[in-house]
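Participant: I have a structure I would like to understand better, so I am pasting it below and will then ask my questions one at a time.
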Amino acid sequence: MKPRRIEARLVLEDGTVYDGWSFGAPKSIEGEVVFTTGMAGYPQSLTDPSYFGQILVNTYPLVGNYGVPGDEVDSQGIPLHFESDRIWASGLVVSEVCREPSHYASAKSLPKWLESEGVPGIEGIDTRALTMRLRERGVMRGTIVVPGSRAESEAYTHAVNAVSKQERRTYNTGGSPKVALVDCGAKNNILRCLISRGAEVQVLPWNSSLEEVDYDGLFLSNGPGDPKACTKTIATVRHVLVGNKPVFGICLGAQIMGLAAGGDTYKLPYGHRGQNQPCIDKTTGRCYITSQNHGYAVRAESLPSGWEVWFVNGNDGTVEGLRSTEGPFSAVQFHPEGCPGPRDTEFLFDSFLAQAREAAALRSGPRRFSIPDGAARPGEASPAAGRVSPVEEAVR
């Protein structure tokens with residue numbers, strides 16, 4: 001006997017209503033409605049902390065056909081199949097959900113997983129029509145409405161503080177080089193990529209000071225929300241840019257680096273989410289297909305002297321990477337670790353760790369790098385902006 005279907009609706013803030021059927025947890029939820037163009041990888045996407053407070057729309061019509069893998073962990077205690085220890089997306093919108101998956105690694109169905117995690121889903125939606133509306137109007141808030149339940153929301157708290165680990169933890173103790181990873185919502189595969197290359201990784205809360213941290217290289221992770229809310233992280237990175245230890249950032253980490261350098265960020269109309277975003281290396285002209293999940297970007301014209309755009313998006317020309325021309329500081333908007341998605345740019349981890357090993361060898365040497373000309377020092381206004389921004393005011 002088939003279970004009774006429960007009617008549900010997706011209501012956008014512009015008043016548009018999409019009727020469908022509830023699956024997963026039968027409850028109402030509010031969040032920012034965003035879409036992803038990935039055909040697969042929903043277990044990794046849903047557990048990506050960057051989706052905190054967001055209702056995720058899958059453009060691919062059938063979701064859940066290969067089920068959900070088990071909870072196995074590796075020797076470091078890191079889940080093998082997920083990007084964190086829980087689902088962070090507020091809700092899921094699909095055209096059709098598969099309730100009877102077929103895959104050798106499947107441990108449960110997608111509806112059962114969402115139900116166990118307390119996350120609502122809605123199916124029977126024309127997700128491609130919904131995506132076109134979001135592309136035309138821009139991302140907007142919306143609510144999955146299930147009769148008999150009151151809508152909840154997680155989006156009004158400090159997003160990064162909500163997903164960042166609150167305690168420090170070290171992985172692969174004794175490894176080399178020593179990497180300090182600022183956790184703004186770090187995906188597990190960032191850890192896997194660093195550890196598999198021999199690094200010791202100390203994971204730090206997003207608002208940590210580095211004064212007593214022994215490290216050879218600083219890594220800025222991905223994460224949710226507006227980068228300008230991470231004032232403490234921005235201030236920390238500004239101080240690090242005075243030295244000679246390498247810094248590398250991914251996604252939100254790229255935006256934080258741009259702000260720390262004296263640049264500006266802005267919100268994209270509907271963001272880049274999926275596993276098929278083309279990015280062009282401006283140095284070589286080579287195009288890479290990348291995995292992405294971000295709603296903000298660095299404003300190219302705001303970068304001060306001593307900084308350059310490294311990668312650009314092949315679709316809309318937005319900044320996908322930046323780097324200093326005077327120090328070992330670089331970052332990319334895309335996810336070189338993939339998961340889900342291609343890992344064609346995983347060599348960027350090798351480049352960063354090579355710089356960190358060089359820094360370790362020179363740890364007792366003099367500083368060789370300084371803040372580039374035109375970049376703001378802690379407490380100073382950014383010359384690129386021409387005035388003291390709210391972010392710079394907040395970190396004084």
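Residues in the structure tokens are named by chain (A, B, ... in the order shown) and by number from 1 within that chain; ligands are numbered from 1 in the order shown.
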May I have the residues within 7 Å of Glu167 of chain A as a PyMOL selection string, using only C-alpha atoms and disregarding those fewer than 2 positions away in the same chain?

Facilitator: chain A and resi 165+169+204-205

Participant: Which residues are close to Gly64 of chain A, i.e. within 6 Å by only C-alpha atoms, leaving aside same-chain residues fewer than 3 positions away? Reply as a list in words.

Facilitator: Gly67, Val97, Cys98 and Leu110 of chain A

Participant: One number please: atom CA of Ser330 of chain A to atom CA of Asn172 of chain A, in Å, one decimal.

Facilitator: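 Atom-to-atom, atom CA of Ser330 of chain A to atom CA of Asn172 of chain A, that is 24.4 Å.
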
Participant: If you run DSSP on the backbone here, which positions in segment 265-352 of chain A get helix (DSSP H, G or I)? Please write them as an MDAnalysis selection string.

Facilitator: chainID A and resid 300:302 347:352

Participant: Restricted to N, CA and C atoms, what would the selected residues look like written as a tab-separated table (two decimals), in the first residue's frame?

Facilitator:
chain	number	residue	atom	x	y	z
A	300	ALA	N	35.90	43.19	-9.51
A	300	ALA	CA	37.23	43.22	-10.14
A	300	ALA	C	37.87	44.60	-10.05
A	301	GLU	N	37.10	45.64	-10.34
A	301	GLU	CA	37.68	46.98	-10.39
A	301	GLU	C	38.05	47.52	-9.02
A	302	SER	N	37.63	46.82	-7.95
A	302	SER	CA	37.94	47.30	-6.60
A	302	SER	C	39.29	46.80	-6.10
A	347	PHE	N	45.11	20.49	-8.42
A	347	PHE	CA	46.54	20.85	-8.38
A	347	PHE	C	46.77	22.13	-7.58
A	348	LEU	N	45.74	22.93	-7.36
A	348	LEU	CA	45.90	24.15	-6.58
A	348	LEU	C	46.27	23.83	-5.13
A	349	PHE	N	45.83	22.69	-4.63
A	349	PHE	CA	46.25	22.26	-3.29
A	349	PHE	C	47.75	21.99	-3.28
A	350	ASP	N	48.25	21.36	-4.33
A	350	ASP	CA	49.69	21.08	-4.41
A	350	ASP	C	50.49	22.38	-4.42
A	351	SER	N	50.01	23.38	-5.16
A	351	SER	CA	50.72	24.66	-5.24
A	351	SER	C	50.77	25.35	-3.88
A	352	PHE	N	49.62	25.35	-3.18
A	352	PHE	CA	49.57	25.98	-1.87
A	352	PHE	C	50.49	25.27	-0.88

Participant: Can you list, as a list of chain:residue names, every residue of segment 66-128 of chain A that DSSP puts in strand (DSSP E or B)?

Facilitator: A:Val68, A:Val73, A:Pro79, A:Ala89, A:Gly91, A:Leu92, A:Val93, A:Glu96, A:Val97, A:Lys108, A:Pro120, A:Gly121, A:Ile122, A:Glu123

Participant: Taking N, CA and C atoms for each residue, export the selection above as a JSON list (two decimals), in the first residue's frame.

Facilitator:
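Saved as out-v9.json:
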[["chain", "number", "residue", "atom", "x", "y", "z"],
["A", 68, "VAL", "N", 21.13, 7.16, -0.84],
["A", 68, "VAL", "CA", 22.03, 7.89, 0.05],
["A", 68, "VAL", "C", 22.99, 6.88, 0.67],
["A", 73, "VAL", "N", 33.23, 6.36, 8.23],
["A", 73, "VAL", "CA", 34.23, 7.41, 8.39],
["A", 73, "VAL", "C", 35.62, 6.85, 8.07],
["A", 79, "PRO", "N", 33.66, 11.73, 7.76],
["A", 79, "PRO", "CA", 32.71, 10.96, 6.94],
["A", 79, "PRO", "C", 33.22, 10.77, 5.52],
["A", 89, "ALA", "N", 21.19, 22.41, 4.13],
["A", 89, "ALA", "CA", 20.14, 23.06, 3.36],
["A", 89, "ALA", "C", 18.83, 23.03, 4.15],
["A", 91, "GLY", "N", 15.76, 23.15, 2.87],
["A", 91, "GLY", "CA", 14.76, 22.36, 2.19],
["A", 91, "GLY", "C", 15.22, 21.99, 0.80],
["A", 92, "LEU", "N", 14.48, 21.10, 0.15],
["A", 92, "LEU", "CA", 14.84, 20.60, -1.18],
["A", 92, "LEU", "C", 13.62, 20.62, -2.08],
["A", 93, "VAL", "N", 13.80, 21.13, -3.30],
["A", 93, "VAL", "CA", 12.72, 21.21, -4.28],
["A", 93, "VAL", "C", 13.14, 20.41, -5.52],
["A", 96, "GLU", "N", 10.87, 15.35, -9.53],
["A", 96, "GLU", "CA", 10.45, 14.00, -9.16],
["A", 96, "GLU", "C", 11.48, 13.39, -8.24],
["A", 97, "VAL", "N", 11.03, 12.81, -7.15],
["A", 97, "VAL", "CA", 11.94, 12.16, -6.20],
["A", 97, "VAL", "C", 11.80, 10.65, -6.32],
["A", 108, "LYS", "N", 19.96, 4.12, 2.32],
["A", 108, "LYS", "CA", 18.59, 4.58, 2.54],
["A", 108, "LYS", "C", 18.16, 5.44, 1.36],
["A", 120, "PRO", "N", 12.50, 19.27, 5.18],
["A", 120, "PRO", "CA", 11.39, 19.07, 4.26],
["A", 120, "PRO", "C", 11.80, 19.12, 2.80],
["A", 121, "GLY", "N", 11.07, 18.38, 1.98],
["A", 121, "GLY", "CA", 11.24, 18.44, 0.54],
["A", 121, "GLY", "C", 9.89, 18.60, -0.12],
["A", 122, "ILE", "N", 9.88, 19.07, -1.35],
["A", 122, "ILE", "CA", 8.64, 19.18, -2.13],
["A", 122, "ILE", "C", 8.92, 18.71, -3.55],
["A", 123, "GLU", "N", 8.06, 17.84, -4.07],
["A", 123, "GLU", "CA", 8.20, 17.33, -5.43],
["A", 123, "GLU", "C", 6.97, 17.69, -6.25]]

Participant: Give me, as a tab-separated table, the closest atom pair and its distance (Å, one decimal) for every residue of segment 44-71 of chain A within a cut-off of 10 Å of segment 180-191 of chain A, counting only C-alpha atoms, rows sorted by chain and rising number.

Facilitator:
residue	atom	partner	partner_atom	distance
A:Gln44	CA	A:Lys187	CA	9.0
A:Ser45	CA	A:Lys187	CA	9.9
A:Thr47	CA	A:Lys187	CA	8.4
A:Asp48	CA	A:Lys187	CA	6.1
A:Pro49	CA	A:Gly185	CA	5.2
A:Ser50	CA	A:Gly185	CA	6.4
A:Tyr51	CA	A:Gly185	CA	9.6
A:Phe52	CA	A:Gly185	CA	9.2

Participant: Figure out the distance between atom CA of Thr233 of chain A and atom CA of Phe329 of chain A, please, to one decimal in Å.

Facilitator: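 Answer for the atom CA of Phe329 of chain A to atom CA of Thr233 of chain A separation: 15.3 Å.
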